[in-house]
Amino acid sequence: MDPSSANSVNGYYSFLNRSMDDLERVYLSNNFMSVHFLQRALCLLRTSHSHLTLLVQKLNLPVGDKWLDEYMDESSKLWEACLVIKSAVSSIENFSSAGISIASTLDGHYHHRRLSPQLSRQVIRAITGCRREAIGIEAENRALMENRVQRFPFWSEQTVMESSTKLQNGFSGFRGVLYATRNMSSLLLMVLMNGLVYCIPSDATLSQTQAQTQNQVSGFAGAMGRLQQRVAAEVGRTGMRKGILMHEYRRSKAALEELKAELERRGGGGESEEEGERELRESVENLKGYFGNLRNGTESIVSQIDDFFDEIVEGRKKLLDFCSHR
């Protein structure tokens, strides 16, 4: 961590600018909504919170004033939102385990000359069960979005950063820093919700007025606007319907369908045994790779969220202790 980012208000703003630029580069250099991009978004959410906690201790703030309430409110919102994300990601872990189990079942048949019709039917039934698991996950996640997430304050609106010097300098600059952090956190949480919980395409859009306002405020806000516009544009370009946008999740579902189609082709005949075995092995290897990446990615995200919970608790305690000993 660059010490200057937590030592002054200007240093913190520089940190936000660099971080958003870095995240934009990660977005552009990876598959749309890749687990790597989502991990980086979550990492930035955590890092900005820890930097803000350290910065507060450097500012000359009145003890127990409104700034502390605003900080506590913001950390509570982060906690509630990340709790929803963790619940959704944990359910995806069950889906990935089921997919890996299917691949393991087929792996064993390579010790024999030919995949038996009985094993083929068994695997097709397992694939059908895995598909039902995915449908159930997405139904539950959609209910989370409609009944809980869309009621969160960050979902319906973002705080437009006013140009008033008085506002930005409130509480020794803390208020301006908090508003900037809140805007960035709102965007990152929306991205994480769309990628990991459920996306309703209309929610991924950014109005032209909002984009113009953000671009007029600062380079940091402009980077936020560009990222949100890119996400909305990609959703529109690919014609994605509602669902979980994470690349590894979507690719794992597709790999299941490809394997099912391959097994059904084998059952219908019409191709050489050698060719059939080669294509089946390729389908199984693809399935193992995609589901393995999905499992590793979701486990890493859950671990990051658990660490973030610890950091939120530690940060709140640190500031309460800081105020009580001044």
# chains A, B, ... in the order shown; residues from 1 in each chain; ligands from 1
>>> residues_around(residues="Ile85 of chain A", least_positions_apart="3", cutoff="10 Å", atoms="only C-alpha atoms", output="list of chain:residue names")
A:Trp79, A:Glu80, A:Ala81, A:Cys82, A:Ala88, A:Val89, A:Ser90, A:Asn141, A:Leu144, A:Val149, A:Leu189, A:Leu192, A:Met193, A:Asn194, A:Gly195, A:Leu196, A:Val197, A:Tyr198, A:Ile301, A:Val302, A:Ile305
>>> write_last_selection(atoms="N, CA and C atoms", output="mmCIF file, in the first residue's frame")
data_model
loop_
_atom_site.group_PDB
_atom_site.id
_atom_site.type_symbol
_atom_site.label_atom_id
_atom_site.label_comp_id
_atom_site.auth_asym_id
_atom_site.auth_seq_id
_atom_site.Cartn_x
_atom_site.Cartn_y
_atom_site.Cartn_z
ATOM 1 N N TRP A 79 -21.371 -4.111 4.644
ATOM 2 C CA TRP A 79 -21.551 -5.409 5.298
ATOM 3 C C TRP A 79 -22.790 -6.106 4.750
ATOM 4 N N GLU A 80 -23.920 -5.396 4.713
ATOM 5 C CA GLU A 80 -25.174 -6.001 4.253
ATOM 6 C C GLU A 80 -25.080 -6.449 2.799
ATOM 7 N N ALA A 81 -24.486 -5.616 1.958
ATOM 8 C CA ALA A 81 -24.373 -5.966 0.538
ATOM 9 C C ALA A 81 -23.469 -7.182 0.337
ATOM 10 N N CYS A 82 -22.347 -7.215 1.029
ATOM 11 C CA CYS A 82 -21.408 -8.327 0.874
ATOM 12 C C CYS A 82 -21.968 -9.622 1.452
ATOM 13 N N ALA A 88 -24.936 -15.732 -2.305
ATOM 14 C CA ALA A 88 -25.120 -16.131 -3.696
ATOM 15 C C ALA A 88 -23.934 -16.942 -4.204
ATOM 16 N N VAL A 89 -22.728 -16.506 -3.878
ATOM 17 C CA VAL A 89 -21.524 -17.194 -4.358
ATOM 18 C C VAL A 89 -21.408 -18.575 -3.716
ATOM 19 N N SER A 90 -21.789 -18.694 -2.471
ATOM 20 C CA SER A 90 -21.734 -19.993 -1.790
ATOM 21 C C SER A 90 -22.637 -21.010 -2.485
ATOM 22 N N ASN A 141 -31.468 -16.314 -6.528
ATOM 23 C CA ASN A 141 -30.713 -15.065 -6.647
ATOM 24 C C ASN A 141 -31.568 -13.940 -7.215
ATOM 25 N N LEU A 144 -33.499 -12.611 -4.439
ATOM 26 C CA LEU A 144 -32.639 -11.746 -3.622
ATOM 27 C C LEU A 144 -32.549 -10.345 -4.224
ATOM 28 N N VAL A 149 -31.847 -6.658 -2.622
ATOM 29 C CA VAL A 149 -30.759 -5.835 -3.147
ATOM 30 C C VAL A 149 -31.262 -4.527 -3.732
ATOM 31 N N LEU A 189 -20.278 -2.432 -6.135
ATOM 32 C CA LEU A 189 -21.281 -3.366 -5.635
ATOM 33 C C LEU A 189 -22.283 -3.737 -6.726
ATOM 34 N N LEU A 192 -20.521 -6.245 -8.908
ATOM 35 C CA LEU A 192 -20.423 -7.543 -8.234
ATOM 36 C C LEU A 192 -21.781 -8.239 -8.165
ATOM 37 N N MET A 193 -22.833 -7.456 -7.912
ATOM 38 C CA MET A 193 -24.178 -8.049 -7.878
ATOM 39 C C MET A 193 -24.555 -8.600 -9.247
ATOM 40 N N ASN A 194 -24.288 -7.839 -10.312
ATOM 41 C CA ASN A 194 -24.618 -8.304 -11.657
ATOM 42 C C ASN A 194 -23.812 -9.537 -12.039
ATOM 43 N N GLY A 195 -22.545 -9.570 -11.633
ATOM 44 C CA GLY A 195 -21.691 -10.685 -11.999
ATOM 45 C C GLY A 195 -21.924 -11.933 -11.173
ATOM 46 N N LEU A 196 -22.194 -11.753 -9.880
ATOM 47 C CA LEU A 196 -22.196 -12.888 -8.956
ATOM 48 C C LEU A 196 -23.580 -13.258 -8.415
ATOM 49 N N VAL A 197 -24.516 -12.333 -8.447
ATOM 50 C CA VAL A 197 -25.838 -12.613 -7.883
ATOM 51 C C VAL A 197 -26.859 -12.788 -9.006
ATOM 52 N N TYR A 198 -27.197 -11.702 -9.675
ATOM 53 C CA TYR A 198 -28.185 -11.788 -10.759
ATOM 54 C C TYR A 198 -28.222 -10.453 -11.481
ATOM 55 N N ILE A 301 -13.403 -15.738 -3.781
ATOM 56 C CA ILE A 301 -14.281 -14.597 -3.503
ATOM 57 C C ILE A 301 -14.899 -14.718 -2.114
ATOM 58 N N VAL A 302 -15.354 -15.905 -1.753
ATOM 59 C CA VAL A 302 -15.917 -16.099 -0.405
ATOM 60 C C VAL A 302 -14.858 -15.801 0.658
ATOM 61 N N ILE A 305 -14.399 -12.065 0.968
ATOM 62 C CA ILE A 305 -15.514 -11.434 1.681
ATOM 63 C C ILE A 305 -15.384 -11.669 3.181
#
>>> closest_residue(among="A:Asn17, A:Ser50, A:Asn10, A:Gln39", to="Glu311 of chain A", atoms="only C-alpha atoms")
A:Ser50
>>> closest_residue(among="A:Gln304, A:Tyr290, A:Asp69, A:Leu319", to="Arg40 of chain A", atoms="only C-alpha atoms")
A:Gln304
>>> residues_around(residues="Ser185 of chain A", least_positions_apart="4", cutoff="10 Å", atoms="only C-alpha atoms", output="number ranges by chain")
A: 41-42, 44-46, 48-49, 74, 77-78, 154, 158, 179-181, 189-191
>>> closest_residue(among="A:Glu299, A:Glu314, A:Glu146, A:Glu257", to="Ala126 of chain A", atoms="only C-alpha atoms")
A:Glu257
>>> closest_residue(among="A:Ile200, A:Met184, A:Cys130, A:Leu83", to="Gly225 of chain A", atoms="only C-alpha atoms")
A:Met184
>>> atom_distance(atom1="atom CA of Arg265 of chain A", atom2="atom CA of Leu294 of chain A")
26.9 Å
>>> atom_distance(atom1="atom CA of Val231 of chain A", atom2="atom CA of Pro201 of chain A")
9.8 Å
>>> closest_residue(among="A:Leu178, A:Val35, A:Leu245, A:Ile92", to="Tyr71 of chain A", atoms="only C-alpha atoms")
A:Leu178
>>> residues_around(residues="segment 248-256 of chain A", least_positions_apart="3", cutoff="10 Å", atoms="only C-alpha atoms", output="count of residues only")
42
>>> residues_around(residues="segment 54-57 of chain A", least_positions_apart="5", cutoff="9 Å", atoms="only C-alpha atoms", output="ChimeraX atom specification")
/A:5-9,12,49,174,315,319,322
>>> decode(residues="segment 80-115 of chain A", atoms="N, CA and C atoms", output="tab-separated table (two decimals), in the first residue's frame")
chain	number	residue	atom	x	y	z
A	80	GLU	N	-23.92	-5.40	4.71
A	80	GLU	CA	-25.17	-6.00	4.25
A	80	GLU	C	-25.08	-6.45	2.80
A	81	ALA	N	-24.49	-5.62	1.96
A	81	ALA	CA	-24.37	-5.97	0.54
A	81	ALA	C	-23.47	-7.18	0.34
A	82	CYS	N	-22.35	-7.21	1.03
A	82	CYS	CA	-21.41	-8.33	0.87
A	82	CYS	C	-21.97	-9.62	1.45
A	83	LEU	N	-22.86	-9.51	2.43
A	83	LEU	CA	-23.51	-10.69	2.99
A	83	LEU	C	-24.38	-11.36	1.91
A	84	VAL	N	-25.07	-10.54	1.12
A	84	VAL	CA	-25.88	-11.07	0.03
A	84	VAL	C	-24.99	-11.73	-1.03
A	85	ILE	N	-23.89	-11.05	-1.38
A	85	ILE	CA	-22.97	-11.60	-2.39
A	85	ILE	C	-22.41	-12.93	-1.92
A	86	LYS	N	-22.01	-13.00	-0.66
A	86	LYS	CA	-21.44	-14.25	-0.15
A	86	LYS	C	-22.45	-15.39	-0.21
A	87	SER	N	-23.70	-15.10	0.14
A	87	SER	CA	-24.74	-16.13	0.10
A	87	SER	C	-24.93	-16.66	-1.32
A	88	ALA	N	-24.94	-15.73	-2.30
A	88	ALA	CA	-25.12	-16.13	-3.70
A	88	ALA	C	-23.93	-16.94	-4.20
A	89	VAL	N	-22.73	-16.51	-3.88
A	89	VAL	CA	-21.52	-17.19	-4.36
A	89	VAL	C	-21.41	-18.57	-3.72
A	90	SER	N	-21.79	-18.69	-2.47
A	90	SER	CA	-21.73	-19.99	-1.79
A	90	SER	C	-22.64	-21.01	-2.49
A	91	SER	N	-23.77	-20.55	-2.99
A	91	SER	CA	-24.67	-21.48	-3.70
A	91	SER	C	-24.06	-21.92	-5.03
A	92	ILE	N	-23.27	-21.03	-5.66
A	92	ILE	CA	-22.59	-21.41	-6.91
A	92	ILE	C	-21.54	-22.47	-6.64
A	93	GLU	N	-20.94	-22.45	-5.45
A	93	GLU	CA	-19.95	-23.47	-5.09
A	93	GLU	C	-20.57	-24.86	-5.15
A	94	ASN	N	-21.83	-24.99	-4.74
A	94	ASN	CA	-22.50	-26.29	-4.79
A	94	ASN	C	-22.67	-26.75	-6.25
A	95	PHE	N	-23.01	-25.82	-7.12
A	95	PHE	CA	-23.16	-26.13	-8.55
A	95	PHE	C	-21.83	-26.58	-9.14
A	96	SER	N	-20.74	-25.89	-8.79
A	96	SER	CA	-19.43	-26.26	-9.34
A	96	SER	C	-18.99	-27.63	-8.84
A	97	SER	N	-19.31	-27.97	-7.60
A	97	SER	CA	-18.96	-29.30	-7.08
A	97	SER	C	-19.70	-30.39	-7.84
A	98	ALA	N	-20.96	-30.12	-8.18
A	98	ALA	CA	-21.74	-31.11	-8.94
A	98	ALA	C	-21.14	-31.31	-10.33
A	99	GLY	N	-20.69	-30.23	-10.97
A	99	GLY	CA	-20.09	-30.34	-12.28
A	99	GLY	C	-18.78	-31.10	-12.26
A	100	ILE	N	-17.96	-30.84	-11.25
A	100	ILE	CA	-16.68	-31.54	-11.12
A	100	ILE	C	-16.92	-33.03	-10.86
A	101	SER	N	-17.97	-33.34	-10.13
A	101	SER	CA	-18.31	-34.75	-9.87
A	101	SER	C	-18.67	-35.47	-11.17
A	102	ILE	N	-19.37	-34.80	-12.06
A	102	ILE	CA	-19.72	-35.40	-13.36
A	102	ILE	C	-18.45	-35.70	-14.16
A	103	ALA	N	-17.54	-34.73	-14.18
A	103	ALA	CA	-16.28	-34.94	-14.91
A	103	ALA	C	-15.48	-36.09	-14.32
A	104	SER	N	-15.47	-36.21	-13.00
A	104	SER	CA	-14.73	-37.30	-12.33
A	104	SER	C	-15.33	-38.66	-12.68
A	105	THR	N	-16.66	-38.71	-12.78
A	105	THR	CA	-17.32	-39.96	-13.14
A	105	THR	C	-16.88	-40.42	-14.53
A	106	LEU	N	-16.81	-39.50	-15.46
A	106	LEU	CA	-16.41	-39.85	-16.82
A	106	LEU	C	-14.92	-40.15	-16.92
A	107	ASP	N	-14.13	-39.52	-16.08
A	107	ASP	CA	-12.69	-39.77	-16.09
A	107	ASP	C	-12.38	-41.25	-15.90
A	108	GLY	N	-13.17	-41.90	-15.05
A	108	GLY	CA	-12.91	-43.29	-14.73
A	108	GLY	C	-13.12	-44.23	-15.89
A	109	HIS	N	-13.94	-43.82	-16.86
A	109	HIS	CA	-14.27	-44.76	-17.93
A	109	HIS	C	-13.10	-44.94	-18.90
A	110	TYR	N	-12.10	-44.06	-18.87
A	110	TYR	CA	-11.00	-44.16	-19.81
A	110	TYR	C	-10.11	-45.39	-19.55
A	111	HIS	N	-10.32	-46.01	-18.40
A	111	HIS	CA	-9.58	-47.25	-18.12
A	111	HIS	C	-10.17	-48.43	-18.90
A	112	HIS	N	-11.38	-48.20	-19.46
A	112	HIS	CA	-12.04	-49.25	-20.23
A	112	HIS	C	-12.04	-48.83	-21.71
A	113	ARG	N	-12.36	-49.75	-22.56
A	113	ARG	CA	-12.29	-49.47	-24.00
A	113	ARG	C	-13.45	-48.59	-24.46
A	114	ARG	N	-14.60	-48.72	-23.86
A	114	ARG	CA	-15.79	-48.05	-24.39
A	114	ARG	C	-16.68	-47.59	-23.24
A	115	LEU	N	-17.27	-46.42	-23.40
A	115	LEU	CA	-18.24	-45.92	-22.42
A	115	LEU	C	-19.53	-46.71	-22.55
